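Notes for the one structure printed next.
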Amino acid sequence: MIKAENISYSFGQNKILENVSMTANPGEVTVIAGSNGTGKSTLLKNICGILQGSGEVYICGKNRDQYTRKELSKKISYLSQFHNIDADINVFEIVLLGRVNSLNYHVPQEEVERVWSTLKFLNIEQFANRKMTQLSGGQAQMVFIGQALIREPEILILDEPTNNLDMRYTFKILDLIQRLTREKKFTTVMVLHDQNLLERFSDKLIIINDGKIYDQGHPKDVLNHQMFKDVYHMNVKFYETDEGFSTIVPISPYK
Amino acid sequence: MDKQIDYDYKKDEKRRYFLIVIGMLCLAVIFLFDISMGQELMPLSMILQAIFQRDSLDMTTQVIINEIRLPRSCMAVLAGAALGFSGGIMQTILNNKLASPYTLGLSSAAGLGASVSIVTGLSSILNIGIYLVPFMSFVFTFLACILIFMFGRRFSSRPDTMVLGGIGLSFLFQALQALLQYSATPEQSQNIVFWLLGSLSRSDWTSVTITLCVLLAGIPVMISSAWEMTALKLGEDNAMSLGIDVKKLRYKSLLVVSVITGVAISFIGTIGFIGLVGPHMARLVVGEDQRYYLPASALFGAIVLSGASLISKIIIPGTVFPIGIITSLFGAPFFFAFIFSKKNSLEGGSND
């Protein structure tokens with residue numbers, strides 16, 4: 001459970017976030033959307049304490065600042081938008097690093113087994129000895145998801161987990177996140193761009209525009225013509241699929 | 001699809017451990033040859049005799065071994081290890097494969113310090129003069145580190161800014177040092193050049209002991225943060241979300257680096273190559289799990305400097321040739337060969 005109250009954050013003179021308040025509940029996927037550069041990533045980083053602006057954040061009912069770094073890292077797994085995949089470390093070691101707080105110089109056998117079971121769960125055990133540069137974008141993202149899961153968090157915070165991924169991996173990863181959120185009662189917050197996936201994969205949708213919350217609620221209510229005009233400056237058309245999800249097609253720019 | 005997994009993490013750990021042990025054996029062999037070589041070849045038995053049964057040898061031989069050869073050979077190992085280790089730490093915390101004590105301006109700061117003490121005449125003060133040169137170069141190296149700290153603090157410790165700041169400092173110090181050299185007497189200028197080229201000939205047991213102590217203090221401090229350093233390799237945000245205090249880790253590492261590098265450079269002069277080459281060899285051999293990478297960086301630094309010392313004795317017997325020149329002259333082609341051979345085998349090898 002996450003509760004953020006009046007989060008404001010500035011970078012120098014630039015106000016990135018202004019009085020943003022939101023909640024996210026266990027077992028639900030809360031998706032944050034909005035045009036580029038409106039402060040979505042900044043909000044995620046403020047929630048997990050990587051950035052510290054003004055306002056209060058409550059994690060599982062307790063003020064975030066009352067946790068130590070290590071305690072916080074046990075509660076929250078944060079998946080960054082950018083990774084340094086240039087490092088000469090293999091997939092096994094990257095997932096193992098998720099347990100960094102439980103490792104001494106020596107790696108206990110039980111941690112080794114924990115890594116194997118995570119790799120197997122995600123079906124990426126065949127890449128164990130590969131370097132990140134030898135993996136496709138989708139495979140690499142699965143590895144970082146592995147690192148997030150091995151930490152056994154209560155909260156998953158994911159910054160554009162499907163960035164640059166093809167249709168198959170995008171679906172695979174979002175489906176996995178949704179399933180895990182329901183099964184393990186994770187409180188999941190993620191930034192997502194694809195307008196056609198928002199409804200399918202979010203339980204709650206928060207739209208951020210110019211550092212403020214534009215609207216939030218059930219995705220069906222939030223996704224409407226006016227929102228696309230105000231936030232994305234686009235005229236769109238809605239089509240309903242047989243499964244009951246809307247497909248949103250951009251038509252023309254709206255000035 | 002057939003999934004064949006023939007990866008065993010524990011075996012992989014053992015393999016890297018084994019490689020480090022082999023490296024240590026190589027270093028030991030080079031070290032022993034390095035002591036034996038010199039104006040005249042001295043067999044190992046004679047060296048052991050000089051150490052354990054001083055009285056059984058004539059005075060000259062005993063002094064040559066105990067006061068000249070041993071300290072120099074030890075210094076080659078220790079200073080090489082110090083520079084390699086520092087370079088390894090820097091490349092990790094600044095996330096830049098070009099970072100080394102040289103690129104960050106620490107070496108030029110040391111050079112400036114030495115030049116100041118030579119030009120101002122501090123170095124010719126009776127009795128303490130010879131210690132003032134390393135002392136001043138250490139002070140200047142330390143000051144350079146503090147400046148880089150401040151750069152970091154000003155720009156929220158972004159590694160790129162710190163690297164750029166270091167490069168800027170490096171040019172500034174070089175210019176100041178050139179200015180001093182320009183205004184120096186020919187003799188002072190000669191001394192500065194000799195210092196800058198780097199040499200093991202100034203080593204004695206005092207400098208060896210100090211370098212050893214600093215290394216013995218610094219290495220465990222960094223190895224204890226090895227996992228955190230490895231996590232930092234994946235990016236700052238990732239490390240922070242794993243509960244690591246990235247800023248503190250950076251500052252701590254820079255402090256250790258400044259002391260270790262400061263001490264090593266102040267005793268042997270600026271040898272830029274080792275801080276770059278040691279870590280790269282380590283990366284190619286054991287990867288970037290810092291538990292192996294950091295010791296291996298030190299080990300390869302030691303092998304390169306010790307090897308350079310040995311080569312310099314073989315090609316020009318009897319002369320004291322600046323070790324810095326030999327290190328780069330022979331190290332560079334070796335380094336290229338190393339990179340290319342490893343690159344090819346990586347590309348050709350099957351990892352799946």
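Here's how to read the names in the structure tokens: chain A, B, ... by the order shown, residue numbers from 1 in each chain, ligand numbers from 1 in the order shown.
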Proximal residues of chain A relative to chain B (only C-alpha atoms; 7 Å) as a compact mmCIF listing (two decimals) with N, CA, C and O atoms, in the first residue's frame:
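And here's part_35.txt as it stands now:
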```txt
# COMPACT_ATOMS: atom_id res chain seq x y z
N ILE A 50 14.38 7.58 -4.12
CA ILE A 50 15.61 7.87 -4.86
C ILE A 50 15.75 9.38 -5.02
O ILE A 50 16.83 9.93 -4.94
N ARG A 69 17.43 2.80 4.55
CA ARG A 69 17.57 2.45 3.14
C ARG A 69 17.35 0.96 2.92
O ARG A 69 16.70 0.54 1.97
N LYS A 70 17.94 0.17 3.80
CA LYS A 70 17.85 -1.28 3.61
C LYS A 70 16.45 -1.80 3.84
O LYS A 70 15.97 -2.65 3.09
N LEU A 72 13.74 -0.15 3.39
CA LEU A 72 12.95 0.30 2.25
C LEU A 72 13.20 -0.59 1.03
O LEU A 72 12.28 -0.93 0.30
N SER A 73 14.47 -0.96 0.86
CA SER A 73 14.81 -1.78 -0.31
C SER A 73 14.21 -3.18 -0.20
O SER A 73 14.06 -3.88 -1.19
N SER A 77 10.66 -2.94 -4.76
CA SER A 77 11.55 -3.22 -5.89
C SER A 77 11.27 -2.18 -6.96
O SER A 77 10.13 -2.04 -7.41
N TYR A 78 12.28 -1.45 -7.33
CA TYR A 78 12.11 -0.40 -8.34
C TYR A 78 12.87 -0.79 -9.60
O TYR A 78 14.02 -1.19 -9.55
N SER A 80 14.23 0.58 -12.95
CA SER A 80 14.53 1.85 -13.59
C SER A 80 14.25 1.79 -15.10
O SER A 80 14.23 0.73 -15.70
N HIS A 83 19.06 1.10 -17.83
CA HIS A 83 19.99 0.20 -17.15
C HIS A 83 21.34 0.32 -17.83
O HIS A 83 21.41 0.56 -19.03
N ASN A 84 22.37 0.10 -17.07
CA ASN A 84 23.68 0.02 -17.67
C ASN A 84 23.91 -1.46 -18.00
O ASN A 84 24.18 -2.26 -17.11
N ILE A 85 23.75 -1.80 -19.26
CA ILE A 85 23.87 -3.22 -19.60
C ILE A 85 25.26 -3.52 -20.15
O ILE A 85 25.54 -4.60 -20.63
N ALA A 87 27.92 -3.59 -18.38
CA ALA A 87 28.78 -4.18 -17.36
C ALA A 87 29.12 -5.63 -17.69
O ALA A 87 28.34 -6.34 -18.30
N ASP A 88 30.32 -6.03 -17.30
CA ASP A 88 30.78 -7.38 -17.57
C ASP A 88 30.30 -8.33 -16.47
O ASP A 88 31.08 -8.92 -15.74
N ILE A 89 28.99 -8.44 -16.35
CA ILE A 89 28.38 -9.28 -15.32
C ILE A 89 27.35 -10.15 -16.05
O ILE A 89 26.68 -9.66 -16.95
N LEU A 97 22.26 -10.05 -7.57
CA LEU A 97 22.43 -8.74 -6.95
C LEU A 97 21.16 -8.24 -6.27
O LEU A 97 21.22 -7.40 -5.39
N GLY A 98 20.02 -8.78 -6.67
CA GLY A 98 18.78 -8.43 -5.98
C GLY A 98 18.84 -8.81 -4.50
O GLY A 98 18.14 -8.25 -3.67
N VAL A 100 21.49 -8.41 -2.65
CA VAL A 100 22.76 -7.81 -2.20
C VAL A 100 22.83 -7.60 -0.69
O VAL A 100 23.89 -7.72 -0.08
N GLN A 126 18.15 -20.47 -19.36
CA GLN A 126 19.15 -20.81 -20.39
C GLN A 126 20.11 -19.66 -20.67
O GLN A 126 21.13 -19.85 -21.32
N ALA A 128 21.58 -17.92 -18.21
CA ALA A 128 22.30 -17.66 -16.96
C ALA A 128 23.72 -17.15 -17.15
O ALA A 128 24.16 -16.24 -16.46
N ASN A 129 24.43 -17.71 -18.10
CA ASN A 129 25.84 -17.36 -18.26
C ASN A 129 26.06 -16.29 -19.32
O ASN A 129 27.18 -15.99 -19.68
N ARG A 130 24.97 -15.69 -19.82
CA ARG A 130 25.15 -14.68 -20.87
C ARG A 130 25.37 -13.30 -20.29
O ARG A 130 24.88 -12.98 -19.22
```
inquiry  = Set the distance at 12 Å and use only C-alpha atoms: which residues neighbour B:Cys145 once local chain neighbours fewer than 3 positions away are removed? I'd like the list as JSON, numbers by chain.
reply    = {"B": [90, 101, 104, 105, 106, 107, 108, 109, 110, 138, 139, 140, 141, 142, 148, 149, 150, 151, 152, 162, 163, 165, 166, 169, 170, 250, 251, 252, 253, 254, 255, 256, 257, 258, 259, 260, 261, 262]}
message = Using only C-alpha atoms, which protein or nucleic acid residues come within 6 Å of A:Val189? Drop anything in the same chain fewer than 6 positions from it, and give the result as a ChimeraX atom specification.
response = /A:29-31,157
key: Test item: residues at most 7 Å from A:His218, only C-alpha atoms, excluding those fewer than 4 positions along its chain, as a PyMOL selection string   = chain A and resi 203-205+222
key: All helix (DSSP H, G or I) positions in stretch 5-185 of chain A, as a ChimeraX atom specification   = /A:40-47,64-66,69-75,91-102,109-121,125-127,132-134,137-150,167-184
Give me, as a short mmCIF file (atom, residue, chain, number, x, y, z; two decimals) with N, CA, C and O atoms, in the first residue's frame, all polymer residues having an atom no more than 7 Å from A:Phe92, counting only C-alpha atoms and skipping those fewer than 2 positions away in the same chain.
```cif
data_model
loop_
_atom_site.label_atom_id
_atom_site.label_comp_id
_atom_site.auth_asym_id
_atom_site.auth_seq_id
_atom_site.Cartn_x
_atom_site.Cartn_y
_atom_site.Cartn_z
N ASN A 90 27.22 -11.39 -15.66
CA ASN A 90 26.26 -12.22 -16.40
C ASN A 90 24.86 -12.18 -15.76
O ASN A 90 24.67 -11.59 -14.69
N ILE A 94 23.39 -10.71 -12.14
CA ILE A 94 22.48 -9.57 -12.05
C ILE A 94 21.28 -9.91 -11.17
O ILE A 94 20.88 -9.13 -10.32
N VAL A 95 20.74 -11.10 -11.35
CA VAL A 95 19.60 -11.50 -10.52
C VAL A 95 20.06 -11.67 -9.07
O VAL A 95 19.40 -11.23 -8.13
N LEU A 96 21.24 -12.25 -8.90
CA LEU A 96 21.79 -12.44 -7.55
C LEU A 96 21.94 -11.11 -6.82
O LEU A 96 21.74 -11.03 -5.60
N VAL A 115 18.28 -17.94 -6.88
CA VAL A 115 18.46 -17.35 -8.21
C VAL A 115 17.98 -18.32 -9.28
O VAL A 115 17.22 -17.93 -10.18
N ALA A 128 21.58 -17.92 -18.21
CA ALA A 128 22.30 -17.66 -16.96
C ALA A 128 23.72 -17.15 -17.15
O ALA A 128 24.16 -16.24 -16.46
N ASN A 129 24.43 -17.71 -18.10
CA ASN A 129 25.84 -17.36 -18.26
C ASN A 129 26.06 -16.29 -19.32
O ASN A 129 27.18 -15.99 -19.68
#
```
key: Atom-to-atom span, atom CA of B:Pro159 and atom CA of B:Tyr102, Å   =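 Value for the atom CA of B:Pro159-atom CA of B:Tyr102 distance: 16.1 Å.
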inquiry  = Just to confirm, what's the straight-line distance from atom CA of A:Arg99 to atom CA of A:Arg151 in Å (one decimal)?
reply    = 6.1 Å
